[in-house]
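> Structure incoming, see below.
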Amino acid sequence: MVGVERVLGAFGEHLVLTYASLFLSIAVGIPLAILSLKSKRLASFIMGFANLVQAIPSFAVVAIVVPLLGIGFTPAVFAIFLRALLPIVKNTYVGLSEVDEAMIDAARGIGLTEWEIIRYVRFPHAYPAMFAGIKFAAVLANSIAILTAIIGSGGLGSLVFEGLASFNTDKILAGSIPAILMAVFIDISFSYLEKRVTPEGIGGG
Amino acid sequence: MDIRWVWESQNLAQRTLEHLRMFGIALALSVVIGVLLGLYLYRRPKLAPIAFNVLNILETVPTLALLVLLLPVLGLGEKPTIAASVIYSILPIARNTYTGLTSVERSYIEVAEAIGLSEREVLLKVRFPLALPLIAAGVRIAVVFTMGVVTLGGLIAAGGLGAPIQTGIHLYDRDIIIVTGLWVGALALILDGVAALIERYLRDRYGRR
Amino acid sequence: MVIEMLFRRIETVELRDVTKRYGDFTAVDHVNLEIIGGELLILIGPSGSGKTTLLRTINRLIEPDEGEVFINGRNIKEFDVVKLRRSIGYVIQQIGLFPHMTVKDNIGLLLKLEGWSEEEIDKRVKELLHLVALPEDFVTRYPHQLSGGQQQRVGLARALALNPPLLLMDEPFGALDPILRKQLQEEFLRIKEVLGRTIVFVTHDIEEAFKLGDRIAIMRDGRLVQVGYPDELVLNPADEFVAKLVNVDKKFKHLDTLKVKDLMVDVEKYIVEVQRKDELLQWMRDKNIEFAVIVEKGALKGVTDLKSLLKSQDLEEALMEPLVFSPGDSLASALAEMKRRNAFLGVVVEREKPVGILLANEVLLKLL
């Protein structure tokens, strides 16, 4: 048996790890997507890089962080951040850039500044794609946050690895079941949020 | 940094072969099962939403959690690794097969029926070839998923390139980590590139524009 | 709240030697044009003649390669571009409205950006809706819930929100069906009188030009061919091209031989048999039209449009008795009758059943 307190503690660490990385990815990813709007070259560089890193196995990304930053919580956050950043930048950029040019032109014509066009015209149109990206990133973060226990991040992954090392099924279950429930929760709650923030008149209408 | 030392001490040639073997078996299984499932759902479209919802939920399960949950059933090693790879890879392939088959333009089907093709012939001679580019796109996603899962297999004694990465982390040996990590990354990019080429070839050949 | 406009009223808008090239193609070729404060100037020409490009140099959506634009004698390059555009209303064909914003948010966006309070915006939006003949409860609707004509009215209301002294309109009625276009032109004339401001209006429809314009500027291949009042253009056309464009006489060459049935428009989609106002409203909304021919047991009862319907208590009050012709009537006498009665349409009836509509505007276009 594994103590309830141990599981709760690990779950708490897991949440902090997942969401800290996710928020960091959002905080960096969205400005990066906006910046990409300014320059075609920057955009194609970022998109190319995004596609590249997405093809690399998470385990390799987590491992490569070790020689760079060592082990522990911060390197783990950085590894998750790296993987979660890309879907967010990519989807946000695609959403922002795929707004009908004629509409941007109309907005400019009635006297909106470039920033106001991003804020009032591009962003509302990008919400659906952006949220799909954030949802994907959240699921990814939740998954990698288990793996990063191998580089000392703590959390539910520690239970899994301890269980693996000692063939203790209880520990394995205590580590993996909450993570799976968390994944399902993320999927459902983000889908709900996505529907809520999508403005009427976009898609479907 | 001594690449040669890492390569030999960690037996990377051997590990790479193991890795590619698991990858090959898992991907082949995924393609067969995914395409068949897509075809089946095309025949029974009422089941499609349920099937895709279930697969979607499976898709969100953390990879390591799925791997360790398969242990009691399938033991350690290659088997659970391959099984987990297949579980993740079925969705993109089946979904793209299904979408590809169902979204063929009406006019092509009408022409095919007009010249007297049976329903079966329409499926095999018209719908399926036209769906190939989308199926290939699904397979490309599966390539990336499978590489990811197979690499993690190293953590449950499946061998492959995940094993030396784990060793490197446990020994805190930056040479092993960097060499193996970059090698896995490069391998993943090469396989993704090959998949992209195949996808592009099929799109040029059968693609609709 | 007082909005700070770059200019309160327009004395002149002056285009000096304006040229715009795209690669080898010269879209606008050394155009000199002076727009007088208070007038409605039409820019007309075939597609690709440079009229839209020229219009867009006035609010700096396009920067000319050569030449300059002056408003009230000041080079517009001196102004902040955003302030300039907010001092100039801009109405375009379709898509100009933001699909994710309600009617109120669309109209009130610039007011909000200018820092108006919620109540002030509310009040102003209602004022503007009233001006463009839309009901107040439209504020919560989204553009996709409106008909084409209603969207165009909202577009006009948005352009007028900050009360700009200058309006640029780029084929605002271009995408509408003929009956609706006619209605909106009528309405626009009324609004124009109320507002009394300077307007530059792009169109390719010579009837629209004659109907709305004070002066007409004719463009072709990027060059300004002739500018003048309608009668000047008709009496002294600068060249063959202008003569062909404006020569109304020639169009009526065959008029004597034509019958009403030759040029009537199909009426099928506008015919409906209903008893109540709400039924009709619903039907018009479903069909996305703003005009209806009401029948009873197949026989013509009257015609109505959305605007009168919204203003009326019931269906009876909204019904109008249209001019009625039969298919065999001479077209010339039918048109003369329409002109005398100042009607822009007549219903063509055969054995009491409506079979077509005669639109003055449409007839002229077809005769071109």
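Within each chain, counting starts at residue 1; across the structure tokens, chains are named A, B, ... in the order shown, with ligands numbered 1 upward in that order.
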Show me, as a PyMOL selection string, the residues that have an atom within 8 Å of Leu130 in chain B when counting only C-alpha atoms, minus same-chain residues fewer than 3 positions from it.

chain B and resi 100-101+104+126-127+133+206-208

> Output the contact residues of chain B with respect to chain A at a cut-off of 7 Å, based on only C-alpha atoms, as a ChimeraX atom specification.

/B:57,60-65,68,144,147-148,151-152,165,169,174,177-178,181,184-185,188-189,192

> For chain A, list the residues within 12 Å of chain C, counting only C-alpha atoms, and write the list as a ChimeraX atom specification.

/A:99-117,119-127,197-205

> Using only C-alpha atoms, which protein or nucleic acid residues come within 10 Å of range 17-34 of chain C? Drop anything in the same chain fewer than 4 positions from it, and give the result as number ranges by chain.

C: 12-13, 41, 48-54, 57, 62-71, 217, 219-227

> If you run DSSP over the backbone, which residues in range 159-325 of chain C end up helix (DSSP H, G or I)? Put them as number ranges by chain.

C: 159-160, 178-195, 206-212, 230-235, 240-246, 248-251, 255-257, 260-263, 268-270, 277-287, 306-311, 315-318

> Excluding range 40-47 of chain B and residues on its chain fewer than 5 positions from it, collect all residues at most 10 Å away from it, counting only C-alpha atoms, and give them as a count of residues only.

11

> Pick out the closest residue to Thr92 in chain A from this set: A:Ile80, A:Leu69, A:Ile134, A:Ala20. Count only C-alpha atoms.

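Closest candidate: A:Ile134.
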
> Separation of CA of Glu317 in chain C and CA of Val125 in chain C, in Å?

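CA of Val125 in chain C lies at a distance of 28.2 Å from CA of Glu317 in chain C.
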
> Mind checking DSSP for range 134-277 of chain C and telling me the strand (DSSP E) residues as a list in words?

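Taking range 134-277 of chain C and keeping strand (DSSP E) only, one gets Leu166, Leu167, Leu168, Met169, Asp170, Thr198, Ile199, Val200, Phe201, Val202, Thr203, Arg215, Ile216, Ala217, Ile218, Met219, Arg220, Arg223, Leu224, Val225, Gln226, Val227, Gly228, Ile271 and Val272 of chain C.
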
> Show me, as a ChimeraX atom specification, the residues that have an atom within 8 Å of Met264 in chain C when counting only C-alpha atoms, minus same-chain residues fewer than 6 positions from it.

/C:348,356-359,363

> Which polymer residues have any atom within 12 Å of an atom of range 6-13 of chain B, counting only C-alpha atoms, with same-chain residues fewer than 5 positions away left out, as a short mmCIF file (atom, residue, chain, number, x, y, z; two decimals) with N, CA and C atoms, in the first residue's frame?


```
data_model
loop_
_atom_site.label_atom_id
_atom_site.label_comp_id
_atom_site.auth_asym_id
_atom_site.auth_seq_id
_atom_site.Cartn_x
_atom_site.Cartn_y
_atom_site.Cartn_z
N MET B 1 34.79 15.39 -25.94
CA MET B 1 33.77 14.34 -25.92
C MET B 1 34.20 13.19 -26.83
N GLU B 18 17.96 -2.75 -32.46
CA GLU B 18 16.81 -3.11 -31.61
C GLU B 18 15.69 -2.08 -31.74
N HIS B 19 16.19 -0.81 -31.69
CA HIS B 19 15.26 0.31 -31.74
C HIS B 19 14.44 0.26 -33.04
N LEU B 20 15.15 0.12 -34.16
CA LEU B 20 14.47 0.13 -35.45
C LEU B 20 13.58 -1.10 -35.62
N GLY B 159 15.09 -2.51 -24.22
CA GLY B 159 16.27 -2.26 -25.03
C GLY B 159 16.06 -1.05 -25.91
N GLY B 160 16.75 -1.02 -27.06
CA GLY B 160 16.64 0.14 -27.94
C GLY B 160 17.46 1.29 -27.40
N LEU B 161 17.31 2.45 -28.00
CA LEU B 161 18.17 3.59 -27.65
C LEU B 161 17.76 4.28 -26.35
N GLY B 162 16.55 3.95 -25.85
CA GLY B 162 16.14 4.50 -24.56
C GLY B 162 17.02 3.97 -23.44
N ALA B 163 17.50 2.75 -23.60
CA ALA B 163 18.30 2.11 -22.55
C ALA B 163 19.58 2.89 -22.25
N PRO B 164 20.41 3.19 -23.29
CA PRO B 164 21.62 3.97 -22.97
C PRO B 164 21.30 5.38 -22.45
N ILE B 165 20.17 5.97 -22.87
CA ILE B 165 19.83 7.29 -22.33
C ILE B 165 19.60 7.17 -20.82
N GLN B 166 18.85 6.11 -20.45
CA GLN B 166 18.60 5.90 -19.02
C GLN B 166 19.92 5.70 -18.27
N THR B 167 20.78 4.88 -18.84
CA THR B 167 22.09 4.66 -18.24
C THR B 167 22.82 6.00 -18.05
N GLY B 168 22.83 6.78 -19.10
CA GLY B 168 23.50 8.08 -19.05
C GLY B 168 22.97 8.95 -17.94
N ASP B 173 26.25 10.91 -16.82
CA ASP B 173 27.37 10.96 -17.76
C ASP B 173 26.96 11.80 -18.97
N ARG B 174 27.48 13.02 -19.04
CA ARG B 174 27.00 13.91 -20.09
C ARG B 174 27.33 13.42 -21.49
N ASP B 175 28.47 12.73 -21.64
CA ASP B 175 28.83 12.22 -22.96
C ASP B 175 27.79 11.23 -23.47
N ILE B 176 27.44 10.28 -22.62
CA ILE B 176 26.46 9.28 -23.05
C ILE B 176 25.13 9.95 -23.39
N ILE B 177 24.72 10.86 -22.51
CA ILE B 177 23.43 11.53 -22.73
C ILE B 177 23.44 12.30 -24.05
N ILE B 178 24.47 13.08 -24.24
CA ILE B 178 24.48 13.94 -25.43
C ILE B 178 24.56 13.10 -26.70
N VAL B 179 25.49 12.15 -26.74
CA VAL B 179 25.65 11.34 -27.96
C VAL B 179 24.36 10.58 -28.26
N THR B 180 23.86 9.86 -27.25
CA THR B 180 22.66 9.06 -27.51
C THR B 180 21.45 9.94 -27.80
N GLY B 181 21.30 11.00 -26.99
CA GLY B 181 20.16 11.89 -27.17
C GLY B 181 20.14 12.48 -28.56
N TRP B 183 21.65 11.36 -31.19
CA TRP B 183 21.50 10.29 -32.18
C TRP B 183 20.01 9.90 -32.33
N VAL B 184 19.32 9.75 -31.20
CA VAL B 184 17.89 9.44 -31.26
C VAL B 184 17.16 10.57 -31.99
#
```

> How far is it from CA of Pro164 in chain C to CA of Gly196 in chain C, in Å with one decimal?

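Between these atoms lies a distance of 11.2 Å.
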